[in-house]
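Below is one structure, written out as structure tokens, with a few remarks after it.
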Amino acid sequence: MTDALAMAARRSARVGPPLGAPIGPPIGAPIAATDEPAWVRRTVIGVAIGFVGLFVLVPLAAVVVEALRAGLAAYGRAIAEPAALSAVKLTFLASAIAVPLNVVFGVAAAWAIARFRFPGRSILITLIDLPLAVSPVIAGMVYLLLFGRQGLLGPWLTDHGIKVVFALPGIVLATTFVTFPFVARELIPLMESQGAEEEEAAIVLGATGWQTFVRVTLPKIKWGLWYGIVLCTARAMGEFGAVSVVSGHIRGRTATLPLHVEILYNEYEYQAAFAVASLLVVLALASLVARRVIARRVEVI
Amino acid sequence: MGYTIVYLSLIVLIPLATLVIKTAELSPGELWTLATSPRAMASYQVTFGASLAAALVNTALGPIVAWALVRYQFPGRALLDAIVDIPFALPTAVSGLALTAVLAPTGWIGRWLTPLGIKAVFTPLGITLALIFIGLPFVVRTVQPVLEELEPEVEEAAAVLGATRWQILGRVVLPALTPALLTGFALAFARAIGEYGSVVFISGNKQFETEITPLLIMTRLEQFDYAGATALALVMLVVSFAMLLAINGLGAWARRRAGHA
Amino acid sequence: MTIEVRGLSKKFGAFAALDNVSLDVPGGGLIALLGPSGSGKTTLLRLLAGLERPDAGSAWIDGVDLASQSARQRNVGLVFQHYALFRHLDVYENIAFALRVRKRPRAEVDARVRELLALIQLESFERRLPSQLSGGQRQRVALARALAARPRVLLLDEPFGALDAQVRAELRSWLRRLHDEIHLTTVFVTHDQDEAFEVADRVVVMNRGRIEQVGAPAEVFEHPANDFVMRFLGHVNVLEAELGDGRARIGDVTLAIDSAPGGPGRIYVRPHDVELARAPADGALAARVVRVTPLSSGLKVDLSVPALGSRLRADLDWERGAALGLRDGEDVFLSLRRARAFARPPSAAGEDTTADAA
């Protein structure tokens with residue numbers, strides 16, 4: 001126990017004294033045999049902060065500043081504008097359909113892959129990774145090829161008066177495709193590492209498959225599931241390329257929030273574009289925070 | 001369970017099958033012509049060129065960020081760690097808009113570039129900068145866990161054996177990081193190739209100059225030239241799958257290399 | 001090749017890892033730093049290697065003050081418990097590393113590596129990667145790597161701790177033979193008493209950052225300087241007693257003992273110093289056999305002794321054990337051939353006084 005304490009104390013000591021502290025060797029000298037000289041350390045930290053600050057923080061700050069440039073009133077108007085509001089509604093609606101679909105699929109697939117060996121297992125695994133490897137434009141394109149007016153099923157759909165592309169169903173499908181992997185990829189390694197003993201114990205104790213799933217499996221994967229849901233939702237709401245292909249960009253009707261931003265930009269309504277974009281920024285930051293909080297829970301369990 | 005899986009897989013499988021069908025509709029000769037049209041070739045150059053440059057920059061600077069996060073303590077370290085995730089979490093349209101605003105001649109950074117004669121928007125440079133933004137988390141997050149796992153004893157052993165700090169970094173640390181660097185590069189590159197949202201705002205989409213392949217596909221679709229789009233999509237898919245194989249292969253190689261010692 | 005340490009101290013935060021330690025290691029000696037976890041033995045080793053800087057005190061190797069040298073300048077050989085081999089380099093390059101960073105010519109490197117490969121008997125393994133070696137082989141490569149640049153001193157940090165028992169035993173004798181061959185001043189750290197006794201010329205017993213005793217294995221075992229050394233080395237029966245006038249009183253029983261300070265203290269008796277007999281003798285105590293256990297070296301007898309109010313352990317050799325033919329539950333008589341007494345140490349929280357009786 002004291003040995004571990006000494007090791008831990010030694011490890012934290014390697015990092016160096018807090019800035020300005022008078023103890024220990026002079027700030028310029030290396031602390032341990034395997035540390036870099038101080039000037040190297042400072043340069044590396046400077047480059048890291050500079051690189052990330054320049055490429056990430058500056059653009060992010062720009063969105064916020066530009067959105068509020070014309071004042072809060074103008075900001076409020078841009079957000080409350082009918083077309084913007086319907087973009088919000090459409091985004092939430094599409095996500096509200098796509099995410100649960102992918103959750104159900106993700107849980108089912110993860111359970112099957114982690115617990116069983118079956119023919120087609122590796123195909124399923126590859127399939128799950130597929131949407132991540134494909135450009136979003138291509139993801140949207142395949143639905144166009146299928147359901148578009150000149151697509152395979154196009155004529156049939158027109159005859160029956162069903163609109164898939166340039167309407168909600170197409171958007172939902174494209175969103176589902178693109179966010180397909182997230183829940184599954186989160187759960188598979190989690191379930192594999194958790195092992196099946198508890199489920200086996202439940203079955204021996206007389207539980208049915210469904211009971212085992214609800215009472216034993218679900219609680220164990222709870223936090224991993226939430227993490228996947230947050231990832232999935234964030235991506236669903238922010239998806240641009242795939243939805244852009246299938247939606248037709250009809251302002252106020254088939255424009256999701258990201259598409260609405262593009263529409264405003266193309267119409268030179270920059271301040272409004274930034275205002276709407278800032279909503280998405282808030283969403284993104286919220287999802288990041290949620291993920292960090294949840295990630296800690298996943299580790300604990 | 002099984003039905004759920006199959007049913008939902010159809011959402012992915014059937015459209016992909018459509019792609020296969022559409023591809024089959026074209027003869028190899030047609031496909032070739034469409035895939036190698038001058039405009040298409042220009043778009044490949046823009047896309048692959050910018051993606052490569054961006055991935056290289058990220059592979060060079062990413063490890064530095066990861067090193068600072070893992071090895072050093074400094075004020076704002078936790079914040080920096082969180083910020084690295086932002087390009088991955090931000091909707092691509094927002095990224096594109098923000099980058100354009102910042103790099104425009106009147107933008108926060110753009111105004112420093114104009115006197116130097118550097119144009120960032122509507123140029124391949126702008127595209128590259130956008131792709132650097134997109135790929136930043138990939139390299140950092142791939143290298144970070146490997147750095148965290150490095151045993152301090154190995155560096156200490158090298159020090160006692162007489163190596164200078166630079167020798168330790170070059171002979172011991174870098175070889176250990178190489179698999180992760182390659183994987184990170186491949187991930188950043190693969191993502192950059194297919195990137196659409198963050199690039200279309202800043203690129204200006206000038207034919208032959210700043211038109212990326214995904215955008216060209218989009219244009220073809222809008223013109224109902226499904227054949228042309230399919231041909232281009234095929235090229236992109238082939239490259240994407242090659243990258244996917246490379247990434248998985250690198251991952252497996254890295255795991256083998258890191259076997260117990 | 002001599003090592004001198006004077007007043008070395010090192011703290012990590014509030015934890016005193018090393019407290020005013022002084023030591024002399026003669027050239028060509030093989031000494032073991034022996035002690036429980038947290039005793040400071042690894043810290044001392046790392047200070048000698050240059051991986052840590054002391055807060056106070058100095059150390060010299062061959063008369064050179066180590067404060068003037070960084071880790072890479074000291075030319076000591078260091079072997080870690082978990083090998084710390086370079087995973088991406090094969091055996092040859094691992095061993096060659098020290099010479100490569102010194103930019104030695106290829107012929108010299110090759111000659112030296114081959115010499116060492118022969119020494120560790122792994123000539124045909126030179127292209128193997130560490131992941132393809134067994135634990136014992138890896139440790140031998142780590143040793144060869146440490147020896148490559150002809151260090152003045154060899155330091156080993158629990159070198160066999162990560163290996164299983166049989167490999168450990170083999171490597172122990174191998175290390176001893178190696179030392180007899182090359183006579184390199186060697187310091188190794190261990191918490192295993194058997195290992196220290198088997199390998200080292202002299203043993204340095206450490207506890208809580210201090211040196212308790214230094215001496216040859218037999219000397220330290222037979223004549224422990226204080227109660228920590230007595231308890232740490234081998235098994236010992238511990239009894240609380242009142243000391244004074246060459247006697248110790250435990251309850252109603254009075255025992256003659258070697259020398260003792262007055263006041264409350266403890267009696268320490270080694271299990272092999274407990275004599276058993278069927279018939280009562282002068283000064284013998286009645287006891288009941290609780291359990292007889294055969295061990296590889298003899299018979300272990302657990303006894304309960306009502307007069308002392310505690311249990312004792314006696315170790316008998318096979319001959320004596322057979323002669324007595326003891327069985328669980330039988331009554332016997334015991335006398336103590338030798339007992340040491342030490343004053344009760346200042347209260348250490350959680351010290352278990354009966355732990356060693358078993």
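By order of appearance in the structure tokens: chains A, B, ..., then residues from 1 within every chain, and ligands from 1 in the order shown.
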Which polymer residues have any atom within 12 Å of an atom of Gln193 (chain C), counting only C-alpha atoms, with same-chain residues fewer than 2 positions away left out, as an mmCIF file with all heavy atoms, in the first residue's frame?
```
data_model
loop_
_atom_site.group_PDB
_atom_site.id
_atom_site.type_symbol
_atom_site.label_atom_id
_atom_site.label_comp_id
_atom_site.auth_asym_id
_atom_site.auth_seq_id
_atom_site.Cartn_x
_atom_site.Cartn_y
_atom_site.Cartn_z
ATOM 1 N N ALA C 32 22.363 -6.950 -1.211
ATOM 2 C CA ALA C 32 20.920 -6.930 -1.401
ATOM 3 C C ALA C 32 20.314 -5.874 -0.499
ATOM 4 O O ALA C 32 20.651 -5.774 0.675
ATOM 5 C CB ALA C 32 20.339 -8.299 -1.067
ATOM 6 N N LEU C 33 19.414 -5.069 -1.059
ATOM 7 C CA LEU C 33 18.605 -4.166 -0.250
ATOM 8 C C LEU C 33 17.304 -4.900 0.020
ATOM 9 O O LEU C 33 16.519 -5.150 -0.896
ATOM 10 C CB LEU C 33 18.324 -2.860 -0.992
ATOM 11 C CG LEU C 33 19.533 -2.024 -1.413
ATOM 12 C CD1 LEU C 33 19.088 -0.783 -2.156
ATOM 13 C CD2 LEU C 33 20.397 -1.667 -0.226
ATOM 14 N N LEU C 34 17.113 -5.272 1.273
ATOM 15 C CA LEU C 34 15.979 -6.122 1.618
ATOM 16 C C LEU C 34 15.031 -5.377 2.527
ATOM 17 O O LEU C 34 15.452 -4.724 3.481
ATOM 18 C CB LEU C 34 16.499 -7.383 2.325
ATOM 19 C CG LEU C 34 15.481 -8.375 2.885
ATOM 20 C CD1 LEU C 34 14.670 -8.994 1.763
ATOM 21 C CD2 LEU C 34 16.197 -9.459 3.673
ATOM 22 N N GLY C 35 13.753 -5.450 2.238
ATOM 23 C CA GLY C 35 12.806 -4.781 3.112
ATOM 24 C C GLY C 35 11.406 -4.880 2.551
ATOM 25 O O GLY C 35 11.218 -5.279 1.400
ATOM 26 N N PRO C 36 10.403 -4.518 3.360
ATOM 27 C CA PRO C 36 9.016 -4.566 2.890
ATOM 28 C C PRO C 36 8.725 -3.434 1.907
ATOM 29 O O PRO C 36 9.564 -2.562 1.688
ATOM 30 C CB PRO C 36 8.204 -4.395 4.179
ATOM 31 C CG PRO C 36 9.110 -3.669 5.101
ATOM 32 C CD PRO C 36 10.506 -4.063 4.744
ATOM 33 N N GLU C 158 14.214 -5.459 -7.996
ATOM 34 C CA GLU C 158 13.352 -6.647 -7.927
ATOM 35 C C GLU C 158 13.356 -7.398 -9.249
ATOM 36 O O GLU C 158 12.310 -7.615 -9.846
ATOM 37 C CB GLU C 158 11.918 -6.257 -7.547
ATOM 38 C CG GLU C 158 11.834 -5.362 -6.347
ATOM 39 C CD GLU C 158 10.842 -5.854 -5.308
ATOM 40 O OE1 GLU C 158 10.548 -7.056 -5.274
ATOM 41 O OE2 GLU C 158 10.391 -5.011 -4.524
ATOM 42 N N VAL C 189 17.641 -5.073 -5.332
ATOM 43 C CA VAL C 189 16.539 -4.792 -4.423
ATOM 44 C C VAL C 189 15.601 -5.990 -4.410
ATOM 45 O O VAL C 189 15.276 -6.553 -5.447
ATOM 46 C CB VAL C 189 15.771 -3.540 -4.897
ATOM 47 C CG1 VAL C 189 14.396 -3.470 -4.271
ATOM 48 C CG2 VAL C 189 16.567 -2.292 -4.580
ATOM 49 N N THR C 190 15.185 -6.399 -3.231
ATOM 50 C CA THR C 190 14.199 -7.469 -3.167
ATOM 51 C C THR C 190 13.419 -7.389 -1.865
ATOM 52 O O THR C 190 13.881 -6.787 -0.891
ATOM 53 C CB THR C 190 14.885 -8.846 -3.279
ATOM 54 O OG1 THR C 190 13.886 -9.862 -3.198
ATOM 55 C CG2 THR C 190 15.880 -9.046 -2.150
ATOM 56 N N HIS C 191 12.218 -7.948 -1.868
ATOM 57 C CA HIS C 191 11.490 -8.059 -0.609
ATOM 58 C C HIS C 191 11.480 -9.509 -0.142
ATOM 59 O O HIS C 191 10.878 -9.844 0.870
ATOM 60 C CB HIS C 191 10.054 -7.548 -0.768
ATOM 61 C CG HIS C 191 9.281 -8.339 -1.759
ATOM 62 N ND1 HIS C 191 9.247 -8.028 -3.085
ATOM 63 C CD2 HIS C 191 8.539 -9.453 -1.621
ATOM 64 C CE1 HIS C 191 8.503 -8.910 -3.724
ATOM 65 N NE2 HIS C 191 8.068 -9.797 -2.863
ATOM 66 N N GLU C 195 15.718 -14.884 -1.360
ATOM 67 C CA GLU C 195 16.474 -14.422 -2.510
ATOM 68 C C GLU C 195 17.698 -13.644 -2.053
ATOM 69 O O GLU C 195 18.813 -13.873 -2.518
ATOM 70 C CB GLU C 195 15.574 -13.542 -3.367
ATOM 71 C CG GLU C 195 16.174 -13.120 -4.673
ATOM 72 C CD GLU C 195 15.086 -12.621 -5.596
ATOM 73 O OE1 GLU C 195 14.337 -13.467 -6.115
ATOM 74 O OE2 GLU C 195 14.974 -11.400 -5.755
ATOM 75 N N ALA C 196 17.471 -12.721 -1.110
ATOM 76 C CA ALA C 196 18.592 -11.909 -0.622
ATOM 77 C C ALA C 196 19.661 -12.807 -0.027
ATOM 78 O O ALA C 196 20.851 -12.664 -0.319
ATOM 79 C CB ALA C 196 18.096 -10.913 0.406
ATOM 80 N N PHE C 197 19.265 -13.750 0.775
ATOM 81 C CA PHE C 197 20.237 -14.608 1.465
ATOM 82 C C PHE C 197 20.983 -15.493 0.487
ATOM 83 O O PHE C 197 22.168 -15.744 0.645
ATOM 84 C CB PHE C 197 19.510 -15.471 2.496
ATOM 85 C CG PHE C 197 19.236 -14.743 3.783
ATOM 86 C CD1 PHE C 197 19.148 -13.362 3.820
ATOM 87 C CD2 PHE C 197 19.085 -15.441 4.965
ATOM 88 C CE1 PHE C 197 18.903 -12.681 5.006
ATOM 89 C CE2 PHE C 197 18.848 -14.780 6.156
ATOM 90 C CZ PHE C 197 18.745 -13.407 6.184
ATOM 91 N N GLU C 198 20.269 -15.942 -0.541
ATOM 92 C CA GLU C 198 20.895 -16.887 -1.459
ATOM 93 C C GLU C 198 21.905 -16.203 -2.366
ATOM 94 O O GLU C 198 22.927 -16.768 -2.725
ATOM 95 C CB GLU C 198 19.808 -17.544 -2.306
ATOM 96 C CG GLU C 198 20.226 -18.830 -2.960
ATOM 97 C CD GLU C 198 19.098 -19.361 -3.824
ATOM 98 O OE1 GLU C 198 17.971 -19.472 -3.290
ATOM 99 O OE2 GLU C 198 19.348 -19.645 -5.006
ATOM 100 N N VAL C 199 21.617 -14.989 -2.764
ATOM 101 C CA VAL C 199 22.421 -14.351 -3.799
ATOM 102 C C VAL C 199 23.518 -13.453 -3.242
ATOM 103 O O VAL C 199 24.619 -13.396 -3.753
ATOM 104 C CB VAL C 199 21.508 -13.526 -4.738
ATOM 105 C CG1 VAL C 199 22.314 -12.864 -5.820
ATOM 106 C CG2 VAL C 199 20.438 -14.405 -5.340
ATOM 107 N N ALA C 200 23.215 -12.731 -2.149
ATOM 108 C CA ALA C 200 24.085 -11.612 -1.773
ATOM 109 C C ALA C 200 25.185 -12.002 -0.806
ATOM 110 O O ALA C 200 25.065 -12.954 -0.053
ATOM 111 C CB ALA C 200 23.246 -10.502 -1.152
ATOM 112 N N VAL C 203 23.703 -8.201 3.300
ATOM 113 C CA VAL C 203 22.299 -7.825 3.220
ATOM 114 C C VAL C 203 22.100 -6.510 3.959
ATOM 115 O O VAL C 203 22.630 -6.324 5.049
ATOM 116 C CB VAL C 203 21.410 -8.924 3.856
ATOM 117 C CG1 VAL C 203 19.975 -8.451 3.927
ATOM 118 C CG2 VAL C 203 21.513 -10.196 3.045
ATOM 119 N N VAL C 204 21.366 -5.598 3.340
ATOM 120 C CA VAL C 204 21.025 -4.332 3.986
ATOM 121 C C VAL C 204 19.534 -4.376 4.266
ATOM 122 O O VAL C 204 18.720 -4.333 3.350
ATOM 123 C CB VAL C 204 21.342 -3.136 3.060
ATOM 124 C CG1 VAL C 204 20.915 -1.837 3.699
ATOM 125 C CG2 VAL C 204 22.823 -3.118 2.712
ATOM 126 N N VAL C 205 19.174 -4.472 5.534
ATOM 127 C CA VAL C 205 17.755 -4.558 5.884
ATOM 128 C C VAL C 205 17.209 -3.146 6.063
ATOM 129 O O VAL C 205 17.747 -2.366 6.842
ATOM 130 C CB VAL C 205 17.540 -5.375 7.173
ATOM 131 C CG1 VAL C 205 16.048 -5.487 7.462
ATOM 132 C CG2 VAL C 205 18.161 -6.746 7.018
ATOM 133 N N MET C 206 16.165 -2.819 5.318
ATOM 134 C CA MET C 206 15.617 -1.462 5.348
ATOM 135 C C MET C 206 14.168 -1.478 5.792
ATOM 136 O O MET C 206 13.435 -2.447 5.555
ATOM 137 C CB MET C 206 15.711 -0.826 3.969
ATOM 138 C CG MET C 206 17.138 -0.583 3.519
ATOM 139 S SD MET C 206 17.216 0.261 1.936
ATOM 140 C CE MET C 206 16.637 1.885 2.389
ATOM 141 N N PRO C 217 24.405 -12.500 5.527
ATOM 142 C CA PRO C 217 23.107 -13.117 5.806
ATOM 143 C C PRO C 217 23.041 -13.834 7.151
ATOM 144 O O PRO C 217 22.118 -13.604 7.932
ATOM 145 C CB PRO C 217 22.933 -14.099 4.640
ATOM 146 C CG PRO C 217 23.702 -13.497 3.531
ATOM 147 C CD PRO C 217 24.861 -12.789 4.151
ATOM 148 N N ALA C 218 24.065 -14.668 7.432
ATOM 149 C CA ALA C 218 24.017 -15.427 8.678
ATOM 150 C C ALA C 218 24.023 -14.501 9.872
ATOM 151 O O ALA C 218 23.277 -14.679 10.838
ATOM 152 C CB ALA C 218 25.189 -16.391 8.720
ATOM 153 N N VAL C 220 23.068 -11.373 10.117
ATOM 154 C CA VAL C 220 21.825 -10.627 10.289
ATOM 155 C C VAL C 220 20.728 -11.526 10.842
ATOM 156 O O VAL C 220 19.896 -11.103 11.641
ATOM 157 C CB VAL C 220 21.404 -10.025 8.933
ATOM 158 C CG1 VAL C 220 20.045 -9.385 9.012
ATOM 159 C CG2 VAL C 220 22.431 -9.022 8.459
ATOM 160 N N PHE C 221 20.761 -12.759 10.425
ATOM 161 C CA PHE C 221 19.721 -13.682 10.870
ATOM 162 C C PHE C 221 19.933 -14.111 12.318
ATOM 163 O O PHE C 221 18.998 -14.152 13.115
ATOM 164 C CB PHE C 221 19.705 -14.907 9.957
ATOM 165 C CG PHE C 221 18.550 -15.811 10.203
ATOM 166 C CD1 PHE C 221 17.274 -15.463 9.797
ATOM 167 C CD2 PHE C 221 18.735 -17.024 10.876
ATOM 168 C CE1 PHE C 221 16.199 -16.301 10.030
ATOM 169 C CE2 PHE C 221 17.660 -17.863 11.111
ATOM 170 C CZ PHE C 221 16.393 -17.504 10.689
ATOM 171 N N VAL C 229 14.195 -6.251 12.467
ATOM 172 C CA VAL C 229 14.999 -7.210 11.708
ATOM 173 C C VAL C 229 14.642 -8.627 12.125
ATOM 174 O O VAL C 229 14.493 -9.535 11.303
ATOM 175 C CB VAL C 229 16.501 -6.954 11.923
ATOM 176 C CG1 VAL C 229 17.324 -7.975 11.149
ATOM 177 C CG2 VAL C 229 16.865 -5.547 11.492
ATOM 178 N N ARG C 231 11.869 -9.733 13.271
ATOM 179 C CA ARG C 231 10.560 -10.164 12.782
ATOM 180 C C ARG C 231 10.524 -10.289 11.271
ATOM 181 O O ARG C 231 9.805 -11.124 10.725
ATOM 182 C CB ARG C 231 9.498 -9.172 13.226
ATOM 183 C CG ARG C 231 9.342 -9.151 14.712
ATOM 184 C CD ARG C 231 8.325 -8.156 15.098
ATOM 185 N NE ARG C 231 7.054 -8.552 14.493
ATOM 186 C CZ ARG C 231 5.897 -7.997 14.786
ATOM 187 N NH1 ARG C 231 5.848 -7.036 15.645
ATOM 188 N NH2 ARG C 231 4.798 -8.390 14.198
ATOM 189 N N PHE C 232 11.270 -9.448 10.585
ATOM 190 C CA PHE C 232 11.189 -9.466 9.125
ATOM 191 C C PHE C 232 11.861 -10.701 8.544
ATOM 192 O O PHE C 232 11.450 -11.230 7.518
ATOM 193 C CB PHE C 232 11.836 -8.197 8.560
ATOM 194 C CG PHE C 232 11.648 -8.065 7.077
ATOM 195 C CD1 PHE C 232 10.414 -7.735 6.548
ATOM 196 C CD2 PHE C 232 12.710 -8.297 6.209
ATOM 197 C CE1 PHE C 232 10.233 -7.631 5.177
ATOM 198 C CE2 PHE C 232 12.529 -8.185 4.837
ATOM 199 C CZ PHE C 232 11.296 -7.854 4.325
ATOM 200 N N LEU C 233 12.936 -11.147 9.192
ATOM 201 C CA LEU C 233 13.669 -12.283 8.646
ATOM 202 C C LEU C 233 13.153 -13.576 9.250
ATOM 203 O O LEU C 233 13.290 -13.808 10.441
ATOM 204 C CB LEU C 233 15.171 -12.141 8.968
ATOM 205 C CG LEU C 233 15.826 -10.891 8.395
ATOM 206 C CD1 LEU C 233 17.281 -10.820 8.845
ATOM 207 C CD2 LEU C 233 15.756 -10.910 6.883
ATOM 208 N N GLY C 234 12.589 -14.381 8.448
ATOM 209 C CA GLY C 234 12.154 -15.691 8.923
ATOM 210 C C GLY C 234 10.985 -15.592 9.886
ATOM 211 O O GLY C 234 10.522 -14.513 10.233
ATOM 212 N N HIS C 235 10.546 -16.722 10.308
ATOM 213 C CA HIS C 235 9.427 -16.746 11.245
ATOM 214 C C HIS C 235 9.934 -16.538 12.654
ATOM 215 O O HIS C 235 11.060 -16.884 12.986
ATOM 216 C CB HIS C 235 8.724 -18.096 11.160
ATOM 217 C CG HIS C 235 8.188 -18.347 9.790
ATOM 218 N ND1 HIS C 235 7.060 -17.749 9.324
ATOM 219 C CD2 HIS C 235 8.652 -19.119 8.793
ATOM 220 C CE1 HIS C 235 6.845 -18.141 8.082
ATOM 221 N NE2 HIS C 235 7.799 -18.973 7.739
#
```
Kindly provide the residues of chain C that approach chain A to within 7 Å, each paired with its closest atom pair and their distance in Å to one decimal, based on only C-alpha atoms, listed by chain and increasing number, as a tab-separated table.
```
residue	atom	partner	partner_atom	distance
C:Phe12	CA	A:Ala9	CA	5.6
C:Gly13	CA	A:Ala9	CA	6.7
C:Ser37	CA	A:Asp3	CA	5.1
C:Gly38	CA	A:Asp3	CA	4.4
C:Gly50	CA	A:Ala33	CA	6.8
C:Leu51	CA	A:Ala33	CA	5.1
C:Glu52	CA	A:Ala32	CA	5.9
C:Ala71	CA	A:Ala33	CA	6.0
```
* Could you check how far CA of Leu182 (chain B) sits from CA of Leu150 (chain B), in Å to one decimal? => 17.3 Å
Counting only C-alpha atoms, which residues of chain B sit at most 12 Å from some atom of chain C, and what is each one's closest atom pair with its distance in Å to one decimal, listed by chain and rising residue number, as JSON lines?
```
{"residue": "B:Leu150", "atom": "CA", "partner": "C:Ala84", "partner_atom": "CA", "distance": 10.4}
{"residue": "B:Glu151", "atom": "CA", "partner": "C:Ala84", "partner_atom": "CA", "distance": 7.7}
{"residue": "B:Pro152", "atom": "CA", "partner": "C:Ala84", "partner_atom": "CA", "distance": 8.7}
{"residue": "B:Glu153", "atom": "CA", "partner": "C:Ala84", "partner_atom": "CA", "distance": 5.7}
{"residue": "B:Val154", "atom": "CA", "partner": "C:Ala84", "partner_atom": "CA", "distance": 4.7}
{"residue": "B:Glu155", "atom": "CA", "partner": "C:Ala84", "partner_atom": "CA", "distance": 8.4}
{"residue": "B:Glu156", "atom": "CA", "partner": "C:Leu51", "partner_atom": "CA", "distance": 7.0}
{"residue": "B:Ala157", "atom": "CA", "partner": "C:Ala84", "partner_atom": "CA", "distance": 6.8}
{"residue": "B:Ala158", "atom": "CA", "partner": "C:Ala98", "partner_atom": "CA", "distance": 7.8}
{"residue": "B:Ala159", "atom": "CA", "partner": "C:Arg72", "partner_atom": "CA", "distance": 5.3}
{"residue": "B:Val160", "atom": "CA", "partner": "C:Arg72", "partner_atom": "CA", "distance": 5.0}
{"residue": "B:Leu161", "atom": "CA", "partner": "C:Ala98", "partner_atom": "CA", "distance": 5.0}
{"residue": "B:Gly162", "atom": "CA", "partner": "C:Arg72", "partner_atom": "CA", "distance": 4.0}
{"residue": "B:Ala163", "atom": "CA", "partner": "C:Val101", "partner_atom": "CA", "distance": 5.6}
{"residue": "B:Thr164", "atom": "CA", "partner": "C:Arg72", "partner_atom": "CA", "distance": 7.1}
{"residue": "B:Arg165", "atom": "CA", "partner": "C:Arg72", "partner_atom": "CA", "distance": 9.5}
{"residue": "B:Trp166", "atom": "CA", "partner": "C:Val101", "partner_atom": "CA", "distance": 10.6}
{"residue": "B:Gln167", "atom": "CA", "partner": "C:Val101", "partner_atom": "CA", "distance": 7.2}
{"residue": "B:Ile168", "atom": "CA", "partner": "C:Val101", "partner_atom": "CA", "distance": 9.2}
{"residue": "B:Gly170", "atom": "CA", "partner": "C:Val101", "partner_atom": "CA", "distance": 10.9}
{"residue": "B:Arg171", "atom": "CA", "partner": "C:Val101", "partner_atom": "CA", "distance": 9.1}
{"residue": "B:Val172", "atom": "CA", "partner": "C:Phe86", "partner_atom": "CA", "distance": 6.9}
{"residue": "B:Val173", "atom": "CA", "partner": "C:Phe86", "partner_atom": "CA", "distance": 9.6}
{"residue": "B:Leu174", "atom": "CA", "partner": "C:His88", "partner_atom": "CA", "distance": 10.3}
{"residue": "B:Pro175", "atom": "CA", "partner": "C:His88", "partner_atom": "CA", "distance": 6.8}
{"residue": "B:Ala176", "atom": "CA", "partner": "C:His88", "partner_atom": "CA", "distance": 7.0}
{"residue": "B:Leu177", "atom": "CA", "partner": "C:His88", "partner_atom": "CA", "distance": 10.5}
{"residue": "B:Thr178", "atom": "CA", "partner": "C:His88", "partner_atom": "CA", "distance": 10.3}
{"residue": "B:Pro179", "atom": "CA", "partner": "C:His88", "partner_atom": "CA", "distance": 11.0}
{"residue": "B:Ala254", "atom": "CA", "partner": "C:His88", "partner_atom": "CA", "distance": 10.8}
{"residue": "B:Arg255", "atom": "CA", "partner": "C:Ser131", "partner_atom": "CA", "distance": 11.6}
{"residue": "B:Arg256", "atom": "CA", "partner": "C:Ser131", "partner_atom": "CA", "distance": 9.1}
{"residue": "B:Arg257", "atom": "CA", "partner": "C:His88", "partner_atom": "CA", "distance": 7.0}
{"residue": "B:Ala258", "atom": "CA", "partner": "C:Arg87", "partner_atom": "CA", "distance": 7.1}
{"residue": "B:Gly259", "atom": "CA", "partner": "C:Ser131", "partner_atom": "CA", "distance": 5.4}
{"residue": "B:His260", "atom": "CA", "partner": "C:Ser131", "partner_atom": "CA", "distance": 5.2}
{"residue": "B:Ala261", "atom": "CA", "partner": "C:Ser131", "partner_atom": "CA", "distance": 5.1}
```
* Structure fact -> Closest of A:Ile45, A:Ala70, A:Ala139, A:Met191 to chain B, counting only C-alpha atoms, is A:Ile45
* To do: Might you pull out every residue within 6 Å of region 91-103 of chain A, with only C-alpha atoms counted and same-chain residues fewer than 6 positions away left off, and present them as JSON, numbers by chain?
  => {"A": [172, 176, 180, 183, 236, 237, 256]}
* Could you pull out the residues in region 12-121 of chain C that DSSP calls alpha helix (DSSP H) from the backbone, as number ranges by chain? => C: 41-49, 91-101, 106-119
* Asked: Skipping near chain neighbours, those fewer than 4 positions away, what residues fall within 10 Å of Val65 (chain A) using only C-alpha atoms, listed as a list in words?
  -> Pro59, Leu60, Ala61, Arg69, Ala70, Gly71, Gln271, Phe274, Ala275 and Ser278 of chain A
* **Shell around region 147-155 of chain A at 12 Å using only C-alpha atoms, local window under 5 positions removed, as a ChimeraX atom specification** => /A:140-142,160-167,169-171,173-174,245-248 /B:14-15,17-22,25,221-227,230
* To do: Rank nothing, just name the residue among A:Pro219, A:Gly50, A:Pro131, A:Gly238 nearest to chain B, using only C-alpha atoms.
  => A:Gly238
* Rank nothing, just name the residue among C:Leu308, C:Ala343, C:Ile3, C:Ala286 nearest to Glu330 (chain C), using only C-alpha atoms. =>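 Closest to Glu330 (chain C) of all the choices is C:Ala286.
The nearest approach to Leu132 (chain A) among the residues B:Leu250, B:Leu244, B:Met41, B:Val235, with only C-alpha atoms taken into account, belongs to B:Leu244.
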